[in-house]
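Below is start-v9.pdb, holding PDB, C-alpha atoms, pLDDT in the B column.
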MODEL        1
ATOM      1  CA  MET A   1       8.665 127.184  63.933  1.00 94.00           C
ATOM      2  CA  VAL A   2      12.196 126.519  65.205  1.00 97.00           C
ATOM      3  CA  ALA A   3      13.736 123.550  67.008  1.00 98.00           C
ATOM      4  CA  LEU A   4      17.061 123.751  68.848  1.00 98.00           C
ATOM      5  CA  ILE A   5      18.869 120.433  69.238  1.00 98.00           C
ATOM      6  CA  THR A   6      21.978 120.005  71.359  1.00 98.00           C
ATOM      7  CA  GLY A   7      24.343 117.304  70.166  1.00 96.00           C
ATOM      8  CA  GLY A   8      22.533 117.672  66.858  1.00 94.00           C
ATOM      9  CA  SER A   9      25.314 116.716  64.460  1.00 94.00           C
ATOM     10  CA  SER A  10      25.295 112.937  64.974  1.00 91.00           C
ATOM     11  CA  GLY A  11      23.489 109.964  66.511  1.00 89.00           C
ATOM     12  CA  MET A  12      20.124 110.600  68.114  1.00 91.00           C
ATOM     13  CA  GLY A  13      20.532 114.361  67.820  1.00 95.00           C
ATOM     14  CA  LEU A  14      20.844 114.159  64.054  1.00 96.00           C
ATOM     15  CA  GLU A  15      17.802 111.900  63.919  1.00 95.00           C
ATOM     16  CA  TYR A  16      15.791 114.395  65.966  1.00 97.00           C
ATOM     17  CA  ALA A  17      16.877 117.024  63.436  1.00 97.00           C
ATOM     18  CA  ARG A  18      15.805 114.885  60.471  1.00 96.00           C
ATOM     19  CA  GLN A  19      12.376 114.068  61.845  1.00 97.00           C
ATOM     20  CA  LEU A  20      11.658 117.639  62.910  1.00 98.00           C
ATOM     21  CA  ALA A  21      12.829 118.957  59.525  1.00 97.00           C
ATOM     22  CA  GLU A  22      10.357 116.535  57.911  1.00 95.00           C
ATOM     23  CA  LYS A  23       7.640 118.264  59.936  1.00 95.00           C
ATOM     24  CA  GLY A  24       8.752 121.652  58.572  1.00 95.00           C
ATOM     25  CA  TYR A  25      10.748 122.965  61.533  1.00 97.00           C
ATOM     26  CA  ASP A  26      13.726 125.234  60.975  1.00 96.00           C
ATOM     27  CA  LEU A  27      16.714 123.964  62.926  1.00 98.00           C
ATOM     28  CA  ILE A  28      19.476 125.152  65.217  1.00 98.00           C
ATOM     29  CA  LEU A  29      22.073 122.424  65.679  1.00 98.00           C
ATOM     30  CA  VAL A  30      24.582 122.735  68.520  1.00 98.00           C
ATOM     31  CA  SER A  31      27.712 120.601  68.558  1.00 96.00           C
ATOM     32  CA  ASN A  32      31.345 120.673  69.661  1.00 95.00           C
ATOM     33  CA  ARG A  33      32.421 118.830  66.494  1.00 95.00           C
ATOM     34  CA  GLN A  34      32.865 121.364  63.720  1.00 95.00           C
ATOM     35  CA  ASP A  35      33.276 118.991  60.750  1.00 95.00           C
ATOM     36  CA  GLU A  36      30.238 116.901  61.733  1.00 95.00           C
ATOM     37  CA  LEU A  37      28.241 120.065  62.328  1.00 97.00           C
ATOM     38  CA  ASP A  38      29.083 121.568  58.942  1.00 96.00           C
ATOM     39  CA  SER A  39      28.196 118.309  57.220  1.00 95.00           C
ATOM     40  CA  ALA A  40      24.870 117.993  59.062  1.00 96.00           C
ATOM     41  CA  VAL A  41      23.883 121.595  58.286  1.00 96.00           C
ATOM     42  CA  GLU A  42      24.602 121.163  54.577  1.00 94.00           C
ATOM     43  CA  SER A  43      22.914 117.759  54.328  1.00 94.00           C
ATOM     44  CA  LEU A  44      19.732 118.762  56.156  1.00 96.00           C
ATOM     45  CA  SER A  45      19.449 122.060  54.275  1.00 94.00           C
ATOM     46  CA  ASN A  46      19.679 120.304  50.926  1.00 92.00           C
ATOM     47  CA  GLN A  47      17.380 117.436  51.827  1.00 93.00           C
ATOM     48  CA  PHE A  48      14.523 119.254  53.543  1.00 93.00           C
ATOM     49  CA  HIS A  49      14.777 122.848  52.313  1.00 88.00           C
ATOM     50  CA  VAL A  50      14.396 124.332  55.781  1.00 94.00           C
ATOM     51  CA  SER A  51      16.620 126.890  57.476  1.00 95.00           C
ATOM     52  CA  VAL A  52      19.442 125.118  59.336  1.00 96.00           C
ATOM     53  CA  ARG A  53      21.881 127.020  61.530  1.00 96.00           C
ATOM     54  CA  GLY A  54      24.933 125.485  63.135  1.00 96.00           C
ATOM     55  CA  ARG A  55      26.307 126.642  66.462  1.00 97.00           C
ATOM     56  CA  PHE A  56      29.777 125.315  67.331  1.00 97.00           C
ATOM     57  CA  GLN A  57      29.979 125.220  71.117  1.00 97.00           C
ATOM     58  CA  ASP A  58      31.158 122.991  73.944  1.00 96.00           C
ATOM     59  CA  LEU A  59      28.171 122.691  76.254  1.00 97.00           C
ATOM     60  CA  ALA A  60      30.251 121.005  78.959  1.00 97.00           C
ATOM     61  CA  LEU A  61      31.837 124.350  79.848  1.00 96.00           C
ATOM     62  CA  PRO A  62      30.463 126.540  82.667  1.00 92.00           C
ATOM     63  CA  LEU A  63      27.881 129.134  81.603  1.00 93.00           C
ATOM     64  CA  SER A  64      27.645 127.617  78.117  1.00 96.00           C
ATOM     65  CA  ALA A  65      23.852 127.576  78.438  1.00 97.00           C
ATOM     66  CA  ASP A  66      23.780 131.317  79.033  1.00 97.00           C
ATOM     67  CA  GLU A  67      26.066 131.910  76.058  1.00 97.00           C
ATOM     68  CA  LEU A  68      23.828 129.825  73.801  1.00 98.00           C
ATOM     69  CA  TYR A  69      20.695 131.596  75.032  1.00 98.00           C
ATOM     70  CA  ASP A  70      22.287 135.021  74.474  1.00 97.00           C
ATOM     71  CA  TRP A  71      23.377 133.968  70.971  1.00 97.00           C
ATOM     72  CA  CYS A  72      19.815 132.942  70.111  1.00 97.00           C
ATOM     73  CA  LYS A  73      18.513 136.302  71.313  1.00 95.00           C
ATOM     74  CA  ARG A  74      21.072 138.171  69.219  1.00 95.00           C
ATOM     75  CA  GLU A  75      20.205 136.062  66.175  1.00 94.00           C
ATOM     76  CA  GLY A  76      16.490 136.555  66.760  1.00 93.00           C
ATOM     77  CA  VAL A  77      15.745 132.811  66.776  1.00 94.00           C
ATOM     78  CA  MET A  78      13.985 131.726  69.949  1.00 95.00           C
ATOM     79  CA  PRO A  79      13.112 128.013  69.598  1.00 97.00           C
ATOM     80  CA  ASP A  80       9.618 126.602  69.888  1.00 97.00           C
ATOM     81  CA  ILE A  81      11.181 123.223  70.713  1.00 98.00           C
ATOM     82  CA  LEU A  82      14.281 122.570  72.842  1.00 98.00           C
ATOM     83  CA  ILE A  83      15.805 119.093  72.549  1.00 98.00           C
ATOM     84  CA  ASN A  84      18.314 118.521  75.373  1.00 98.00           C
ATOM     85  CA  ASN A  85      20.122 115.644  73.715  1.00 96.00           C
ATOM     86  CA  ALA A  86      23.880 116.280  74.123  1.00 95.00           C
ATOM     87  CA  GLY A  87      25.585 113.707  76.304  1.00 93.00           C
ATOM     88  CA  MET A  88      28.796 111.869  77.068  1.00 92.00           C
ATOM     89  CA  PHE A  89      29.589 108.426  78.425  1.00 87.00           C
ATOM     90  CA  PHE A  90      32.481 106.479  79.889  1.00 85.00           C
ATOM     91  CA  PHE A  91      32.570 103.114  81.629  1.00 81.00           C
ATOM     92  CA  LYS A  92      35.294 102.590  84.230  1.00 79.00           C
ATOM     93  CA  GLU A  93      36.130 102.651  87.907  1.00 76.00           C
ATOM     94  CA  LEU A  94      36.547 106.240  89.028  1.00 80.00           C
ATOM     95  CA  GLU A  95      39.982 107.572  89.929  1.00 84.00           C
ATOM     96  CA  ALA A  96      41.375 110.981  90.844  1.00 89.00           C
ATOM     97  CA  ALA A  97      42.645 111.311  87.270  1.00 88.00           C
ATOM     98  CA  ASP A  98      39.045 111.228  86.032  1.00 88.00           C
ATOM     99  CA  MET A  99      37.998 114.425  87.801  1.00 93.00           C
ATOM    100  CA  ASP A 100      38.033 116.547  84.637  1.00 93.00           C
ATOM    101  CA  ARG A 101      35.805 114.076  82.793  1.00 93.00           C
ATOM    102  CA  VAL A 102      33.535 113.765  85.808  1.00 94.00           C
ATOM    103  CA  GLN A 103      33.122 117.535  86.030  1.00 96.00           C
ATOM    104  CA  ALA A 104      32.488 117.781  82.283  1.00 96.00           C
ATOM    105  CA  MET A 105      29.734 115.153  82.535  1.00 96.00           C
ATOM    106  CA  VAL A 106      28.098 116.886  85.486  1.00 96.00           C
ATOM    107  CA  ASN A 107      28.270 120.213  83.656  1.00 97.00           C
ATOM    108  CA  LEU A 108      26.846 118.771  80.431  1.00 97.00           C
ATOM    109  CA  HIS A 109      24.105 116.554  81.857  1.00 97.00           C
ATOM    110  CA  VAL A 110      23.073 118.575  84.904  1.00 97.00           C
ATOM    111  CA  CYS A 111      24.127 122.232  84.846  1.00 97.00           C
ATOM    112  CA  THR A 112      23.704 122.950  81.142  1.00 98.00           C
ATOM    113  CA  VAL A 113      20.403 121.072  80.759  1.00 98.00           C
ATOM    114  CA  THR A 114      19.012 122.778  83.851  1.00 98.00           C
ATOM    115  CA  ARG A 115      19.956 126.274  82.704  1.00 98.00           C
ATOM    116  CA  LEU A 116      18.876 125.726  79.102  1.00 98.00           C
ATOM    117  CA  SER A 117      15.520 124.372  80.231  1.00 98.00           C
ATOM    118  CA  LEU A 118      14.948 127.309  82.565  1.00 98.00           C
ATOM    119  CA  LEU A 119      16.190 130.034  80.221  1.00 98.00           C
ATOM    120  CA  PHE A 120      14.291 128.851  77.172  1.00 98.00           C
ATOM    121  CA  GLY A 121      11.445 127.534  79.312  1.00 97.00           C
ATOM    122  CA  MET A 122      10.780 130.982  80.778  1.00 97.00           C
ATOM    123  CA  ALA A 123      10.671 132.454  77.254  1.00 96.00           C
ATOM    124  CA  MET A 124       8.172 129.736  76.276  1.00 97.00           C
ATOM    125  CA  LYS A 125       6.162 130.439  79.423  1.00 97.00           C
ATOM    126  CA  GLU A 126       5.845 134.098  78.447  1.00 96.00           C
ATOM    127  CA  ARG A 127       4.634 133.093  74.969  1.00 96.00           C
ATOM    128  CA  GLY A 128       2.250 130.498  76.370  1.00 96.00           C
ATOM    129  CA  ASN A 129       3.527 127.578  74.293  1.00 97.00           C
ATOM    130  CA  GLY A 130       6.545 125.410  73.586  1.00 97.00           C
ATOM    131  CA  HIS A 131       8.080 121.994  74.101  1.00 98.00           C
ATOM    132  CA  ILE A 132      11.160 120.882  76.040  1.00 98.00           C
ATOM    133  CA  LEU A 133      12.491 117.356  75.621  1.00 98.00           C
ATOM    134  CA  ILE A 134      15.123 115.998  78.010  1.00 98.00           C
ATOM    135  CA  VAL A 135      17.059 112.833  77.216  1.00 96.00           C
ATOM    136  CA  SER A 136      17.627 110.800  80.377  1.00 94.00           C
ATOM    137  CA  SER A 137      18.294 107.039  80.318  1.00 88.00           C
ATOM    138  CA  MET A 138      17.134 103.678  81.599  1.00 80.00           C
ATOM    139  CA  THR A 139      20.270 103.839  83.781  1.00 80.00           C
ATOM    140  CA  ALA A 140      18.510 106.499  85.866  1.00 80.00           C
ATOM    141  CA  ARG A 141      17.053 103.432  87.600  1.00 74.00           C
ATOM    142  CA  ILE A 142      20.315 101.461  87.644  1.00 74.00           C
ATOM    143  CA  PRO A 143      22.976 102.943  89.943  1.00 74.00           C
ATOM    144  CA  ALA A 144      25.892 100.626  89.250  1.00 76.00           C
ATOM    145  CA  PRO A 145      29.698 100.538  89.292  1.00 76.00           C
ATOM    146  CA  GLY A 146      31.331 101.668  86.073  1.00 80.00           C
ATOM    147  CA  ILE A 147      28.552 104.143  85.254  1.00 84.00           C
ATOM    148  CA  THR A 148      28.569 105.897  88.619  1.00 89.00           C
ATOM    149  CA  ILE A 149      28.398 109.485  87.363  1.00 93.00           C
ATOM    150  CA  TYR A 150      26.409 108.693  84.219  1.00 92.00           C
ATOM    151  CA  SER A 151      23.537 106.977  86.035  1.00 91.00           C
ATOM    152  CA  ALA A 152      23.494 109.614  88.787  1.00 94.00           C
ATOM    153  CA  THR A 153      23.229 112.504  86.331  1.00 96.00           C
ATOM    154  CA  LYS A 154      20.554 110.709  84.318  1.00 95.00           C
ATOM    155  CA  ALA A 155      18.567 110.134  87.523  1.00 94.00           C
ATOM    156  CA  TYR A 156      18.746 113.870  88.166  1.00 96.00           C
ATOM    157  CA  LEU A 157      17.451 114.589  84.657  1.00 97.00           C
ATOM    158  CA  LYS A 158      14.497 112.265  85.105  1.00 95.00           C
ATOM    159  CA  SER A 159      13.525 113.879  88.405  1.00 96.00           C
ATOM    160  CA  PHE A 160      14.141 117.418  87.159  1.00 97.00           C
ATOM    161  CA  GLY A 161      12.209 116.938  83.941  1.00 97.00           C
ATOM    162  CA  ARG A 162       9.187 115.400  85.610  1.00 96.00           C
ATOM    163  CA  SER A 163       9.022 118.129  88.249  1.00 97.00           C
ATOM    164  CA  LEU A 164       9.488 120.917  85.700  1.00 98.00           C
ATOM    165  CA  SER A 165       6.659 119.493  83.583  1.00 97.00           C
ATOM    166  CA  TYR A 166       4.197 120.282  86.384  1.00 97.00           C
ATOM    167  CA  GLU A 167       5.533 123.795  86.868  1.00 97.00           C
ATOM    168  CA  LEU A 168       5.427 124.768  83.187  1.00 97.00           C
ATOM    169  CA  GLY A 169       2.453 122.666  82.096  1.00 95.00           C
ATOM    170  CA  GLU A 170      -0.190 125.119  83.270  1.00 93.00           C
ATOM    171  CA  TYR A 171       1.405 127.788  81.069  1.00 96.00           C
ATOM    172  CA  GLY A 172       1.124 125.724  77.889  1.00 96.00           C
ATOM    173  CA  VAL A 173       4.722 124.455  77.902  1.00 97.00           C
ATOM    174  CA  GLY A 174       5.257 120.701  77.692  1.00 97.00           C
ATOM    175  CA  VAL A 175       8.285 119.017  79.280  1.00 98.00           C
ATOM    176  CA  THR A 176       8.924 115.406  78.292  1.00 97.00           C
ATOM    177  CA  THR A 177      11.731 113.246  79.659  1.00 97.00           C
ATOM    178  CA  VAL A 178      12.832 110.266  77.581  1.00 94.00           C
ATOM    179  CA  CYS A 179      14.515 107.292  79.260  1.00 90.00           C
ATOM    180  CA  PRO A 180      15.864 105.122  76.436  1.00 85.00           C
ATOM    181  CA  ALA A 181      17.415 101.703  76.878  1.00 71.00           C
ATOM    182  CA  ALA A 182      20.185 100.605  74.486  1.00 63.00           C
ATOM    183  CA  ILE A 183      20.285 102.657  71.274  1.00 63.00           C
ATOM    184  CA  ALA A 184      22.602 102.084  68.316  1.00 63.00           C
ATOM    185  CA  THR A 185      24.705 105.260  68.477  1.00 61.00           C
ATOM    186  CA  PRO A 186      28.478 105.892  68.711  1.00 58.00           C
ATOM    187  CA  LEU A 187      28.043 107.158  72.301  1.00 57.00           C
ATOM    188  CA  TYR A 188      28.484 103.720  73.884  1.00 52.00           C
ATOM    189  CA  ARG A 189      31.336 102.608  71.582  1.00 55.00           C
ATOM    190  CA  MET A 190      29.983  99.095  71.139  1.00 55.00           C
ATOM    191  CA  SER A 191      31.696  96.835  68.618  1.00 57.00           C
ATOM    192  CA  THR A 192      29.965  96.447  65.260  1.00 60.00           C
ATOM    193  CA  ARG A 193      29.408  92.769  65.965  1.00 62.00           C
ATOM    194  CA  MET A 194      27.787  93.463  69.353  1.00 54.00           C
ATOM    195  CA  MET A 195      25.673  96.270  67.908  1.00 50.00           C
ATOM    196  CA  ASN A 196      24.364  94.080  65.076  1.00 53.00           C
ATOM    197  CA  TRP A 197      23.564  91.270  67.498  1.00 47.00           C
ATOM    198  CA  GLY A 198      21.663  93.677  69.713  1.00 48.00           C
ATOM    199  CA  LEU A 199      19.662  95.033  66.782  1.00 48.00           C
ATOM    200  CA  LYS A 200      18.753  91.531  65.577  1.00 48.00           C
ATOM    201  CA  THR A 201      17.600  90.415  69.019  1.00 47.00           C
ATOM    202  CA  GLY A 202      15.673  93.617  69.728  1.00 48.00           C
ATOM    203  CA  LEU A 203      17.797  94.472  72.779  1.00 51.00           C
ATOM    204  CA  VAL A 204      19.194  97.482  70.905  1.00 62.00           C
ATOM    205  CA  HIS A 205      17.019  99.881  68.902  1.00 62.00           C
ATOM    206  CA  THR A 206      17.815 102.381  66.165  1.00 82.00           C
ATOM    207  CA  PRO A 207      17.788 106.155  66.727  1.00 84.00           C
ATOM    208  CA  LYS A 208      14.930 106.403  64.216  1.00 89.00           C
ATOM    209  CA  TRP A 209      12.797 104.022  66.293  1.00 84.00           C
ATOM    210  CA  LEU A 210      13.432 105.935  69.498  1.00 87.00           C
ATOM    211  CA  VAL A 211      13.084 109.460  68.120  1.00 93.00           C
ATOM    212  CA  ARG A 212       9.740 108.688  66.470  1.00 92.00           C
ATOM    213  CA  ARG A 213       8.337 107.590  69.830  1.00 92.00           C
ATOM    214  CA  ALA A 214       9.972 110.416  71.763  1.00 94.00           C
ATOM    215  CA  LEU A 215       8.592 113.142  69.498  1.00 97.00           C
ATOM    216  CA  ARG A 216       5.132 111.583  69.506  1.00 96.00           C
ATOM    217  CA  ALA A 217       5.202 111.628  73.322  1.00 96.00           C
ATOM    218  CA  MET A 218       6.499 115.203  73.354  1.00 97.00           C
ATOM    219  CA  PHE A 219       3.733 116.527  71.109  1.00 96.00           C
ATOM    220  CA  ARG A 220       1.206 114.741  73.310  1.00 95.00           C
ATOM    221  CA  HIS A 221       2.671 116.447  76.423  1.00 95.00           C
ATOM    222  CA  ARG A 222       3.610 113.193  78.094  1.00 95.00           C
ATOM    223  CA  ARG A 223       5.822 113.724  81.111  1.00 95.00           C
ATOM    224  CA  VAL A 224       8.036 110.609  81.000  1.00 94.00           C
ATOM    225  CA  ILE A 225       8.466 107.938  78.354  1.00 90.00           C
ATOM    226  CA  SER A 226      10.498 104.740  78.809  1.00 80.00           C
ATOM    227  CA  PRO A 227      10.364 102.877  75.486  1.00 71.00           C
ATOM    228  CA  SER A 228      11.734  99.329  75.011  1.00 59.00           C
ATOM    229  CA  LEU A 229      10.951  96.109  76.807  1.00 53.00           C
ATOM    230  CA  LEU A 230      14.339  96.359  78.549  1.00 58.00           C
ATOM    231  CA  ASN A 231      12.893  99.207  80.605  1.00 54.00           C
ATOM    232  CA  LEU A 232      10.238  96.846  81.956  1.00 55.00           C
ATOM    233  CA  TRP A 233      12.422  94.107  83.338  1.00 47.00           C
ATOM    234  CA  LEU A 234      16.162  94.905  83.427  1.00 55.00           C
ATOM    235  CA  PRO A 235      16.176  97.602  86.166  1.00 51.00           C
ATOM    236  CA  GLY A 236      13.992  95.384  88.358  1.00 52.00           C
ATOM    237  CA  ILE A 237      16.250  92.368  87.933  1.00 57.00           C
ATOM    238  CA  ILE A 238      19.382  94.387  88.715  1.00 58.00           C
ATOM    239  CA  ALA A 239      17.704  95.890  91.788  1.00 58.00           C
ATOM    240  CA  LEU A 240      17.109  92.368  93.125  1.00 57.00           C
ATOM    241  CA  LEU A 241      20.777  91.388  92.905  1.00 53.00           C
ATOM    242  CA  PRO A 242      22.429  91.150  96.339  1.00 62.00           C
ATOM    243  CA  GLY A 243      25.301  93.554  96.979  1.00 59.00           C
ATOM    244  CA  PHE A 244      27.955  90.838  97.223  1.00 54.00           C
ATOM    245  CA  LEU A 245      27.000  89.565  93.754  1.00 56.00           C
ATOM    246  CA  VAL A 246      27.160  93.043  92.233  1.00 52.00           C
ATOM    247  CA  SER A 247      30.622  93.470  93.754  1.00 58.00           C
ATOM    248  CA  ALA A 248      31.764  90.079  92.444  1.00 54.00           C
ATOM    249  CA  ILE A 249      30.508  90.819  88.926  1.00 55.00           C
ATOM    250  CA  TRP A 250      32.220  94.228  88.944  1.00 52.00           C
ATOM    251  CA  ARG A 251      35.553  92.733  90.098  1.00 59.00           C
ATOM    252  CA  LYS A 252      35.417  90.342  87.166  1.00 59.00           C
ATOM    253  CA  ILE A 253      34.347  92.961  84.600  1.00 62.00           C
ATOM    254  CA  LYS A 254      36.966  95.556  85.498  1.00 61.00           C
ATOM    255  CA  LYS A 255      39.937  93.177  85.130  1.00 59.00           C
TER     256      LYS A 255
ENDMDL
END
What's the structure tokens form of this structure?
Amino acid sequence: MVALITGGSSGMGLEYARQLAEKGYDLILVSNRQDELDSAVESLSNQFHVSVRGRFQDLALPLSADELYDWCKREGVMPDILINNAGMFFFKELEAADMDRVQAMVNLHVCTVTRLSLLFGMAMKERGNGHILIVSSMTARIPAPGITIYSATKAYLKSFGRSLSYELGEYGVGVTTVCPAAIATPLYRMSTRMMNWGLKTGLVHTPKWLVRRALRAMFRHRRVISPSLLNLWLPGIIALLPGFLVSAIWRKIKK
């Protein structure tokens, strides 16, 4: 049994790798950070005594999904589980100078996840089994200034994953979309003080907490999971805010 994890060298991706290795899965870790990737491969191999392969690749580039799929075919390692975890984040008002970052985010969150899910999903469909996990976000329900592209791409992932789960489900392939709230990873670049406060109050959760719930949902073929109490009330509260108040808050934040 083999699990392929994008963004698998750090944060939630590394935690997915750990928990799947504990279950006996061989691993393929994909990352665009060579040093982190080498370290993760060595650490996981030594700790769990499973086969761990590292694939250094920037998944924000066009056709990167096809290149990764072709590499897996050449290596003879078609995954039983695909974890679409790789992501990027920035918080700011969009400007023309941000176009490269915007395109990279769209490529990474939308184009690459779509193509990976279809390419590997069709192989799973032919076998009659497999699991695909897509990491969306609570922000899929919170279109807001500062996270304009991030929330839009995560909304796409939630819709895409849910729809694909119906198409592939009858062939024995599960598709689960995870919509986490705040998780203690380097992605959001929170200060240590803010992160610790969030963990103590329960507003922020650890990758271990999230991944355990996400994998349990995946193995149970659940279509969408939105763990954390924040998912219950924060999107609803923000949706009730009048437009003028959202604008006023944004003007103050961006100064």
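In this comparison, which uses all atoms listed in the file, the residue of A:Asp80, A:Asp98, A:Asp26, A:Glu42 approaching Gly172 (chain A) most closely is A:Asp80.
Residues selected in this file by the PyMOL selection byres ((chain A and resi 222) around 10) comprise Arg162, Ser165, Gly174, Val175, Thr176, Thr177, Val178, Ala214, Leu215, Arg216, Ala217, Met218, Phe219, Arg220, His221, Arg223, Val224 and Ile225 of chain A.
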Given the selection you just returned, output its residues as a file containing C-alpha atoms, formatted as an mmCIF file, in the coordinates of the input.
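Final file, again-v2.cif:
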data_model
loop_
_atom_site.group_PDB
_atom_site.id
_atom_site.type_symbol
_atom_site.label_atom_id
_atom_site.label_comp_id
_atom_site.auth_asym_id
_atom_site.auth_seq_id
_atom_site.Cartn_x
_atom_site.Cartn_y
_atom_site.Cartn_z
ATOM 1 C CA ARG A 162 9.187 115.400 85.610
ATOM 2 C CA SER A 165 6.659 119.493 83.583
ATOM 3 C CA GLY A 174 5.257 120.701 77.692
ATOM 4 C CA VAL A 175 8.285 119.017 79.280
ATOM 5 C CA THR A 176 8.924 115.406 78.292
ATOM 6 C CA THR A 177 11.731 113.246 79.659
ATOM 7 C CA VAL A 178 12.832 110.266 77.581
ATOM 8 C CA ALA A 214 9.972 110.416 71.763
ATOM 9 C CA LEU A 215 8.592 113.142 69.498
ATOM 10 C CA ARG A 216 5.132 111.583 69.506
ATOM 11 C CA ALA A 217 5.202 111.628 73.322
ATOM 12 C CA MET A 218 6.499 115.203 73.354
ATOM 13 C CA PHE A 219 3.733 116.527 71.109
ATOM 14 C CA ARG A 220 1.206 114.741 73.310
ATOM 15 C CA HIS A 221 2.671 116.447 76.423
ATOM 16 C CA ARG A 223 5.822 113.724 81.111
ATOM 17 C CA VAL A 224 8.036 110.609 81.000
ATOM 18 C CA ILE A 225 8.466 107.938 78.354
#
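Checking A:Gly130, A:Pro180, A:Gly161, A:Gly54 one by one against Gly7 (chain A), counting all atoms listed in the file, you find the shortest gap at A:Gly54.
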How big is the axis-aligned box around the listed atoms of region 23-39 of chain A once 5 Å is added on each side, and where is its centre? Give both in Å to one decimal, as AutoDock Vina command-line options.
--center_x 20.5 --center_y 121.1 --center_z 63.4 --size_x 35.6 --size_y 18.3 --size_z 22.4
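Our summary of the geometry notes that CA of Val173 (chain A) is positioned 14.8 Å from CA of Met1 (chain A).
What the PyMOL selection byres ((chain A and resi 37-40) around 9) matches in the given file is Gly8, Ser9, Ser10, Leu14, Leu29, Val30, Ser31, Asn32, Arg33, Gln34, Asp35, Glu36, Val41, Glu42, Ser43, Leu44, Ser45, Val52, Gly54, Arg55 and Phe56 of chain A.
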So which residues get picked by the PyMOL selection byres ((chain A and resi 61) around 8) here, written as a CSV table (one decimal) with C-alpha atoms, in the frame of the given file?
chain,number,residue,atom,x,y,z
A,58,ASP,CA,31.2,123.0,73.9
A,59,LEU,CA,28.2,122.7,76.3
A,60,ALA,CA,30.3,121.0,79.0
A,62,PRO,CA,30.5,126.5,82.7
A,63,LEU,CA,27.9,129.1,81.6
A,64,SER,CA,27.6,127.6,78.1
A,104,ALA,CA,32.5,117.8,82.3
A,107,ASN,CA,28.3,120.2,83.7
A,108,LEU,CA,26.8,118.8,80.4
Report task. In the coordinate frame of the file, compute which residues have an atom within 12 Å of (39.6, 103.7, 91.8) when using all atoms listed in the file, and state them as a PyMOL selection string. Result -> chain A and resi 92-99+145-146+148+251+254
Report summary line: note - CA of Pro207 (chain A) and CA of Met12 (chain A) are separated by 5.2 Å
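The nearest approach to Arg53 (chain A) among the residues A:Leu4, A:Glu67, A:Glu22, A:Phe89, with all atoms listed in the file taken into account, belongs to A:Leu4.
Note that the spacing between CA of Val211 (chain A) and CA of Lys154 (chain A) amounts to 17.9 Å.
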